[in-house]
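Taking it in order: structure first as structure tokens, then the write-up.
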Amino acid sequence: MKVEIDDKSGFCFGVVRAIGLAEEALRQGTVYSLGDIVHNKVEVQRLGGLGLATVGHDRLGRLGAGSTVLVRAHGEPPEVFHRARAEGYRVVDATCPVVAKLQGIVRSAYRDMREAGGQVVILGKKGHAEVVGLAGQAGGDVIVVEGPDDLGAIDFERPVYLLSQTTQSLTLFEQISREIKRRAADPGTVTVHDTICRQVANREPHLGQFARQFDVVLFVSGRKSSNGKVLYGVCLGANPRTYLVEDCGDLRAEWFAGAGSVGICGATSTPRWLMEQVAREVESLAARTGADETRKPENR
């Protein structure tokens with residue numbers, strides 16, 4: 001069986017940077033990450049073995065002065081930084097530079113919309129860490145939409161400034177943009193700022209092409225990954241024999257029945273070493289299955 005790993009899949013720059021900063025800080029001792037550093041449980045477990053402890057925001061006041069707190073690549077609202085420093089913690093800011101730039105755009109857009117009597121609208125997953133951090137730049141005074149069904153929350157008589165979570169689908173963003181302009185009382189008062197990260201967006205057409213080349217596709221991703229859900233959907237649309245796996249334990253022998261080739265790819269939060277581990281397990285599974293078939297007695 002041919003097994004191939006997509007060379008463009010795996011950690012994006014922001015995740016690589018965040019993990020590097022965490023590993024550097026861990027040389028000094030325990031580090032507390034505010035939420036999972038990456039939406040991949042296997043990588044979180046690996047870093048946990050090095051001393052990275054994942055904690056909720058409710059622990060901020062109970063870590064002890066001098067503790068090291070990591071702000072992950074998704075970023076945080078300003079008040080989280082203020083509170084952590086007020087508690088005497090050392091803060092390691094691993095906010096992705098692309099997200100940090102977007103946070104600045106949100107602050108600027110909010111000032112503009114306050115002066116114009118308008119609204120800031122963010123296309124994103126409600127409650128997602130990045131979206132919470134973005135909304136926090138405007139004190140929470142934003143409208144978050146996940147799709148067309150949420151557009152009823154917008155006052156189309158007032159100006160609108162549309163932005164997006166960095167890992168959203170370009171196709172969805174363009175759809176939402178068109179619909180807001182169509183409904184607006186004055187389309188000239190609608191500002192559309194495409195803030196989708198191209199390291200993520202550019203993977204969509206590539207993964208569609210990649211998935212069509214194989215009999216079976218394994219998309220390796222944490223199930224909590226927003227980016228993973230989008231890219232998995234791209235692969236599934238291109239190849240109906242696409243399966244989402246978090247680790248080798250999810251693999252099922254029946255998926256590969258009659259398959260001569262398997263493509264392995266993943267989200268921006270998926271480590272390369274995990275895709276390689278899955279590839280080795282698929283090869284081992286194929287070898288074992290082949291051996292079992294060889295040993296089967298002939299039908300008489």
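A note on labels: chains of the structure tokens are A, B, ... as shown, every chain counts residues from 1, and ligands are counted from 1 in their shown order.
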Exercise for review: Enumerate as a PyMOL selection string all residues of region 128-282 of chain A assigned to strand (DSSP E or B) by DSSP on the backbone, naming them with the chain letters and numbers the document uses.
Suggested key: chain A and resi 143-145+160-164+190-192+216-220+242-245+261-266
Exercise for review: Would you list the contacts of His74 (chain A) as number ranges by chain, taking every protein, DNA or RNA residue within 6 Å and counting only C-alpha atoms, but skipping same-chain residues closer than 3 positions in sequence?
Suggested key: A: 95, 129-130
The selected residues should be written to file as a PDB file, in the first residue's frame (atoms: N, CA, C and O atoms).
```pdb
ATOM      1  N   THR A  95       1.028  34.950  21.647  1.00  0.00           N
ATOM      2  CA  THR A  95       0.002  35.304  20.665  1.00  0.00           C
ATOM      3  C   THR A  95       0.598  35.287  19.260  1.00  0.00           C
ATOM      4  O   THR A  95       1.647  35.891  19.018  1.00  0.00           O
ATOM      5  N   ALA A 129     -11.388  30.650  21.527  1.00  0.00           N
ATOM      6  CA  ALA A 129     -10.405  31.460  22.251  1.00  0.00           C
ATOM      7  C   ALA A 129      -9.969  32.687  21.456  1.00  0.00           C
ATOM      8  O   ALA A 129      -9.855  33.791  22.018  1.00  0.00           O
ATOM      9  N   GLU A 130      -9.706  32.518  20.169  1.00  0.00           N
ATOM     10  CA  GLU A 130      -9.277  33.672  19.370  1.00  0.00           C
ATOM     11  C   GLU A 130     -10.373  34.727  19.295  1.00  0.00           C
ATOM     12  O   GLU A 130     -10.112  35.926  19.429  1.00  0.00           O
TER      13      GLU A 130
END
```
Review point. Of the residues A:Lys41, A:Lys229, A:His206, A:Arg280, which is the one nearest to Thr54 (chain A), using only C-alpha atoms?
Key: A:Lys41
Check your understanding: For Val192 (chain A), which residue among A:Ile122, A:Ala253, A:Ala238, A:Ala135 is the nearest when counting only C-alpha atoms?
Key -> A:Ile122
Review point. Hey, can you check how far CA of Ala25 (chain A) sits from CA of Leu60 (chain A)?
Key: 18.1 Å
Practice item. Just list the residues in region 62-281 of chain A DSSP gives alpha helix (DSSP H) on the backbone, as a PyMOL selection string. Key: chain A and resi 78-86+97-116+129-136+170-183+198-201+203-211+226-238+272-281
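Proximity ranking of A:Ala84, A:Leu50, A:Val98, A:Ala257 relative to Glu24 (chain A) places A:Leu50 first, based on only C-alpha atoms.
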Point to revise | For CA of Arg252 (chain A) and CA of Ser269 (chain A), the interatomic separation in Å (one decimal) | key: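 Result for CA of Arg252 (chain A) versus CA of Ser269 (chain A): 22.9 Å, one decimal.
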